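S.K.: What follows is a structure written as structure tokens; I'll ask about it next.
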Amino acid sequence: MIVESQAVAPFFKNGFVAGCEETGEAVLIDPGDEVPSLLAFAERNGLTIRHILLTHAHVDHVTGVAAAKRALNVPIYLHHDDLFLYERAIEMGSMFGLKVEPQPPIDVFYTPGQVIPFGTYDVRVHHTPGHCPGGICLQIGKKGTAGTELFVGDTLFAGSIGRTDLPGGDYNTLIASIRNVLLPLGDACIVHSGHGPDTTIGQERLTNPFLNGQA
């Protein structure tokens, strides 16, 4: 699978393009301020983006949604429990001194067990609340297989976890999401986080202080 990550100021939040190397179909994950470079990457590499997939709706993860929708005219997906955050993006941006465009309507709310296809891949959606109520993990793999590429938003980081002091956050819920949803997906899974470098489930199981009792 083709995976491209970009992060730019002011938030240095990771946005992603995940593409099928056989068909050229792709998905855009968490378009923020880096969205122009992600769209340029897709164009240079002949990728056709079919879906805009949001892991959650904190402002740093959605500042590029309007631009992406204009450029691509493809459906935007979000968990319904984060709609209140999505609808406050302009207000949240102003708190950082940023002008955020009005958000386009959500086209599809994730449903339990949902599978979203692109090319020869499937995206499986897992609800992982705690950082915020509607946080989700996107598990991507070849059709008919258990995916090993996890796009987890701000649920889990290399050596850390998402903050839980924002509206709708809850520490115990977040730890339960990681332990009960993410860790069972397997140590070999690659974790693409919303901030910082990639890691693996196995690495975090062993060394993450919030998961091994050292925090």
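In the structure tokens, chains take letters A, B, ... by order of appearance, with residues numbered from 1 within each chain and ligands from 1 in the order shown.
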Write out, as a tab-separated table, each residue of segment 50-153 of chain A that has an atom at most 9 Å from segment 13-23 of chain A, together with the closest pair of atoms and their distance in Å to one decimal, counting only C-alpha atoms, rows going by chain and rising number.
M.R.:
residue	atom	partner	partner_atom	distance
A:Asp60	CA	A:Lys13	CA	6.6
A:His61	CA	A:Lys13	CA	7.1
A:Phe118	CA	A:Cys20	CA	7.3
A:Gly119	CA	A:Thr23	CA	5.4
A:Thr120	CA	A:Cys20	CA	6.4
A:Tyr121	CA	A:Cys20	CA	6.9
A:Ile140	CA	A:Ala18	CA	8.9
A:Phe151	CA	A:Phe16	CA	8.8
A:Gly153	CA	A:Asn14	CA	8.6
S.K.: Report as a PyMOL selection string all protein, DNA and RNA residues lying within 12 Å of Asn172 of chain A, evaluated on only C-alpha atoms, omitting residues in the same chain fewer than 5 positions from it.
M.R.: chain A and resi 128-132+161-165+177-180+210-211
S.K.: Among segment 166-197 of chain A, which ones does DSSP assign to strand (DSSP E) (computed from the backbone)? Answer as a PyMOL selection string.
M.R.: chain A and resi 190-193
S.K.: Restricted to N, CA, C and O atoms, what would the selected residues look like written as a CSV table (one decimal), in the first residue's frame?
M.R.:
chain,number,residue,atom,x,y,z
A,190,ILE,N,1.2,-1.7,12.2
A,190,ILE,CA,1.9,-0.5,12.1
A,190,ILE,C,0.9,0.6,12.5
A,190,ILE,O,-0.2,0.7,12.0
A,191,VAL,N,1.3,1.5,13.5
A,191,VAL,CA,0.5,2.5,14.0
A,191,VAL,C,0.9,3.9,13.4
A,191,VAL,O,2.0,4.4,13.6
A,192,HIS,N,0.0,4.4,12.6
A,192,HIS,CA,0.2,5.8,12.0
A,192,HIS,C,-0.6,6.8,12.9
A,192,HIS,O,-1.9,6.8,12.8
A,193,SER,N,0.1,7.5,13.7
A,193,SER,CA,-0.6,8.4,14.7
A,193,SER,C,-0.8,9.8,14.1
A,193,SER,O,-0.2,10.2,13.1
S.K.: Return the single residue from A:Glu25, A:Asp187, A:Asp30, A:Glu87 that is closest to Ser5 of chain A, with distances computed using only C-alpha atoms.
M.R.: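 Ranked by minimum distance to Ser5 of chain A, first place goes to A:Asp30.
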S.K.: Given only C-alpha atoms as the basis, pick out the residue of A:Asp107, A:Asp154, A:Glu204, A:Asp122 nearest to His58 of chain A.
M.R.: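 The answer is A:Asp154, which sits nearest to His58 of chain A.
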S.K.: Please provide as a PyMOL selection string all residues within 10 Å of Tyr86 of chain A, with the sequence filter that same-chain residues fewer than 4 positions apart are discarded (counting only C-alpha atoms).
M.R.: chain A and resi 56-59+61-63+78+80-82+90+92+102-106
S.K.: Keeping all heavy atoms, export the residues of the selection given above as a short mmCIF file (atom, residue, chain, number, x, y, z; two decimals), in the first residue's frame.
M.R.:
data_model
loop_
_atom_site.label_atom_id
_atom_site.label_comp_id
_atom_site.auth_asym_id
_atom_site.auth_seq_id
_atom_site.Cartn_x
_atom_site.Cartn_y
_atom_site.Cartn_z
N HIS A 56 -11.21 11.84 13.94
CA HIS A 56 -11.95 12.59 14.94
C HIS A 56 -12.03 14.03 14.46
O HIS A 56 -11.57 14.34 13.35
CB HIS A 56 -11.33 12.48 16.33
CG HIS A 56 -9.98 13.06 16.48
ND1 HIS A 56 -8.86 12.58 15.82
CD2 HIS A 56 -9.52 14.11 17.24
CE1 HIS A 56 -7.80 13.29 16.16
NE2 HIS A 56 -8.18 14.23 17.02
N ALA A 57 -12.64 14.91 15.27
CA ALA A 57 -12.96 16.24 14.75
C ALA A 57 -12.30 17.39 15.49
O ALA A 57 -12.76 18.52 15.40
CB ALA A 57 -14.48 16.44 14.73
N HIS A 58 -11.20 17.14 16.21
CA HIS A 58 -10.48 18.27 16.77
C HIS A 58 -9.97 19.16 15.63
O HIS A 58 -9.65 18.67 14.54
CB HIS A 58 -9.33 17.80 17.64
CG HIS A 58 -9.79 17.31 18.98
ND1 HIS A 58 -9.15 16.31 19.67
CD2 HIS A 58 -10.84 17.69 19.77
CE1 HIS A 58 -9.79 16.09 20.82
NE2 HIS A 58 -10.81 16.91 20.89
N VAL A 59 -9.89 20.45 15.90
CA VAL A 59 -9.70 21.42 14.82
C VAL A 59 -8.46 21.15 13.98
O VAL A 59 -8.47 21.36 12.76
CB VAL A 59 -9.70 22.86 15.40
CG1 VAL A 59 -8.49 23.09 16.31
CG2 VAL A 59 -9.74 23.89 14.28
N HIS A 61 -7.29 18.50 12.97
CA HIS A 61 -7.50 17.39 12.05
C HIS A 61 -8.53 17.69 10.96
O HIS A 61 -8.76 16.84 10.09
CB HIS A 61 -7.94 16.14 12.83
CG HIS A 61 -6.83 15.54 13.63
ND1 HIS A 61 -6.22 14.35 13.29
CD2 HIS A 61 -6.20 15.97 14.75
CE1 HIS A 61 -5.28 14.07 14.18
NE2 HIS A 61 -5.25 15.05 15.06
N VAL A 62 -9.14 18.87 10.99
CA VAL A 62 -10.21 19.16 10.02
C VAL A 62 -10.03 20.48 9.29
O VAL A 62 -10.90 20.84 8.48
CB VAL A 62 -11.59 19.13 10.71
CG1 VAL A 62 -11.85 17.77 11.36
CG2 VAL A 62 -11.76 20.25 11.72
N THR A 63 -8.93 21.20 9.51
CA THR A 63 -8.79 22.51 8.88
C THR A 63 -8.70 22.43 7.35
O THR A 63 -8.92 23.44 6.68
CB THR A 63 -7.56 23.25 9.42
OG1 THR A 63 -6.42 22.39 9.32
CG2 THR A 63 -7.76 23.67 10.86
N LEU A 78 -17.35 10.71 9.34
CA LEU A 78 -17.04 11.08 10.72
C LEU A 78 -17.92 10.25 11.64
O LEU A 78 -19.03 9.83 11.25
CB LEU A 78 -17.32 12.57 10.95
CG LEU A 78 -17.08 13.13 12.36
CD1 LEU A 78 -15.58 13.20 12.67
CD2 LEU A 78 -17.71 14.52 12.51
N HIS A 80 -20.53 10.07 14.54
CA HIS A 80 -21.55 11.04 14.94
C HIS A 80 -21.25 11.68 16.30
O HIS A 80 -21.60 12.85 16.54
CB HIS A 80 -22.93 10.37 14.97
CG HIS A 80 -24.05 11.35 15.14
ND1 HIS A 80 -24.48 11.80 16.37
CD2 HIS A 80 -24.84 11.99 14.22
CE1 HIS A 80 -25.47 12.65 16.22
NE2 HIS A 80 -25.70 12.80 14.93
N ASP A 81 -20.59 10.94 17.18
CA ASP A 81 -20.32 11.47 18.52
C ASP A 81 -19.35 12.64 18.52
O ASP A 81 -19.20 13.33 19.54
CB ASP A 81 -19.80 10.36 19.44
CG ASP A 81 -20.86 9.34 19.79
OD1 ASP A 81 -22.04 9.54 19.43
OD2 ASP A 81 -20.50 8.32 20.43
N ASP A 82 -18.67 12.88 17.40
CA ASP A 82 -17.76 14.03 17.29
C ASP A 82 -18.35 15.17 16.48
O ASP A 82 -17.66 16.16 16.21
CB ASP A 82 -16.42 13.60 16.68
CG ASP A 82 -15.34 13.42 17.73
OD1 ASP A 82 -15.68 13.25 18.91
OD2 ASP A 82 -14.15 13.44 17.36
N ILE A 90 -14.74 26.50 13.61
CA ILE A 90 -14.42 27.92 13.45
C ILE A 90 -14.10 28.53 14.81
O ILE A 90 -13.10 29.26 14.98
CB ILE A 90 -15.58 28.67 12.78
CG1 ILE A 90 -15.75 28.19 11.33
CG2 ILE A 90 -15.34 30.17 12.82
CD1 ILE A 90 -16.94 28.80 10.63
N MET A 92 -13.12 26.95 17.55
CA MET A 92 -11.88 26.38 18.07
C MET A 92 -10.66 26.99 17.38
O MET A 92 -9.64 27.27 18.01
CB MET A 92 -11.89 24.87 17.90
CG MET A 92 -12.91 24.13 18.73
SD MET A 92 -12.68 24.32 20.52
CE MET A 92 -13.91 25.59 20.89
N PRO A 102 -15.75 27.51 7.12
CA PRO A 102 -16.94 26.74 7.52
C PRO A 102 -16.82 25.30 7.03
O PRO A 102 -16.37 25.05 5.91
CB PRO A 102 -18.09 27.48 6.83
CG PRO A 102 -17.58 28.87 6.61
CD PRO A 102 -16.11 28.72 6.35
N GLN A 103 -17.25 24.38 7.87
CA GLN A 103 -17.11 22.98 7.52
C GLN A 103 -18.22 22.53 6.58
O GLN A 103 -19.40 22.83 6.82
CB GLN A 103 -17.14 22.12 8.79
CG GLN A 103 -16.01 22.41 9.77
CD GLN A 103 -14.65 22.15 9.16
OE1 GLN A 103 -14.06 23.02 8.51
NE2 GLN A 103 -14.16 20.95 9.33
N PRO A 104 -17.88 21.77 5.54
CA PRO A 104 -18.93 21.19 4.70
C PRO A 104 -19.67 20.12 5.49
O PRO A 104 -19.14 19.55 6.44
CB PRO A 104 -18.15 20.59 3.53
CG PRO A 104 -16.78 20.36 4.05
CD PRO A 104 -16.52 21.42 5.09
N PRO A 105 -20.90 19.82 5.11
CA PRO A 105 -21.66 18.80 5.84
C PRO A 105 -20.98 17.44 5.78
O PRO A 105 -20.32 17.10 4.79
CB PRO A 105 -23.01 18.77 5.11
CG PRO A 105 -23.10 20.07 4.38
CD PRO A 105 -21.69 20.44 4.03
N ILE A 106 -21.15 16.67 6.84
CA ILE A 106 -20.71 15.28 6.83
C ILE A 106 -21.64 14.48 5.92
O ILE A 106 -22.85 14.60 6.01
CB ILE A 106 -20.71 14.70 8.26
CG1 ILE A 106 -19.70 15.45 9.14
CG2 ILE A 106 -20.41 13.20 8.24
CD1 ILE A 106 -18.27 15.35 8.68
#
S.K.: Between atom CA of Leu183 of chain A and atom CA of Pro31 of chain A, what is the spacing in Å?
M.R.: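 Separation of atom CA of Pro31 of chain A and atom CA of Leu183 of chain A: 25.9 Å.
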S.K.: Write out as a ChimeraX atom specification all residues of chain A that DSSP puts in helix (DSSP H, G or I) for this structure's backbone.
M.R.: /A:35-44,59-61,65-72,80-86,89-95,171-185,201-207
S.K.: Could you take the residues named above and write them with C-alpha atoms, as a compact mmCIF listing (two decimals), in the first residue's frame?
M.R.:
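Wrote out.txt, looks like this:
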# COMPACT_ATOMS: atom_id res chain seq x y z
CA VAL A 35 -3.88 19.19 2.53
CA PRO A 36 -2.43 21.07 -0.49
CA SER A 37 0.73 18.95 -0.40
CA LEU A 38 -1.25 15.75 0.08
CA LEU A 39 -3.47 16.54 -2.91
CA ALA A 40 -0.37 17.39 -4.95
CA PHE A 41 1.19 14.05 -3.97
CA ALA A 42 -1.95 12.21 -5.10
CA GLU A 43 -1.94 14.03 -8.43
CA ARG A 44 1.77 13.42 -9.08
CA VAL A 59 -9.70 21.42 14.82
CA ASP A 60 -6.14 20.46 13.82
CA HIS A 61 -7.50 17.39 12.05
CA VAL A 65 -11.67 19.38 4.98
CA ALA A 66 -13.37 22.21 3.10
CA ALA A 67 -10.49 22.54 0.63
CA ALA A 68 -10.40 18.77 0.14
CA LYS A 69 -14.15 18.62 -0.47
CA ARG A 70 -13.93 21.38 -3.08
CA ALA A 71 -11.06 19.69 -4.87
CA LEU A 72 -12.35 16.12 -4.74
CA HIS A 80 -21.55 11.04 14.94
CA ASP A 81 -20.32 11.47 18.52
CA ASP A 82 -17.76 14.03 17.29
CA LEU A 83 -20.22 16.13 15.31
CA PHE A 84 -20.38 18.73 18.10
CA LEU A 85 -16.62 19.26 17.75
CA TYR A 86 -16.78 19.37 13.96
CA ALA A 89 -14.21 24.19 14.21
CA ILE A 90 -14.42 27.92 13.45
CA GLU A 91 -14.71 28.74 17.16
CA MET A 92 -11.88 26.38 18.07
CA GLY A 93 -9.66 27.82 15.36
CA SER A 94 -10.21 31.35 16.64
CA MET A 95 -8.89 30.25 20.05
CA TYR A 171 -8.69 8.88 30.55
CA ASN A 172 -10.19 5.54 31.63
CA THR A 173 -12.21 5.32 28.42
CA LEU A 174 -9.10 5.99 26.33
CA ILE A 175 -7.04 3.32 28.10
CA ALA A 176 -9.91 0.84 27.65
CA SER A 177 -10.08 1.65 23.92
CA ILE A 178 -6.36 1.01 23.52
CA ARG A 179 -6.35 -2.20 25.56
CA ASN A 180 -9.62 -3.66 24.27
CA VAL A 181 -9.63 -2.48 20.65
CA LEU A 182 -6.13 -1.61 19.43
CA LEU A 183 -3.87 -4.10 21.23
CA PRO A 184 -5.90 -7.16 20.12
CA LEU A 185 -5.32 -6.19 16.48
CA ILE A 201 1.31 -2.24 18.51
CA GLY A 202 4.06 -4.57 19.76
CA GLN A 203 6.41 -1.69 20.54
CA GLU A 204 3.75 0.19 22.46
CA ARG A 205 2.61 -2.88 24.34
CA LEU A 206 6.16 -3.32 25.66
CA THR A 207 7.40 0.23 26.14
S.K.: Within 7 Å of Val74 of chain A, counting only C-alpha atoms, which residues qualify if same-chain residues fewer than 3 places away don't, as a count of residues only?
M.R.: 4
S.K.: My list of candidates is A:Val100, A:Gly113, A:Cys189, A:Glu34. Which is closest to Gly141 of chain A when distances are computed with only C-alpha atoms?
M.R.: A:Cys189
S.K.: Measuring atom to atom with only C-alpha atoms, identify which of A:Gly159, A:Val123, A:Asp198, A:Asn212 is nearest to Gly147 of chain A.
M.R.: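 Counting only C-alpha atoms, the residue closest to Gly147 of chain A is A:Val123.
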S.K.: In Å, how far is it from atom CA of Gly97 of chain A to atom CA of His195 of chain A?
M.R.: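 So the answer is 20.7 Å.
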S.K.: Find, counting only C-alpha atoms, the residue in A:Gly64, A:Ala146, A:Val115, A:Glu4 that gets nearest to Asn45 of chain A.
M.R.: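 So, comparing all the options, the nearest one is A:Glu4.
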S.K.: Out of A:His79, A:Lys143, A:Lys99, A:His127, which residue has the shortest atom-to-atom distance to Leu53 of chain A when counting only C-alpha atoms?
M.R.: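 The answer is A:His79, which sits nearest to Leu53 of chain A.
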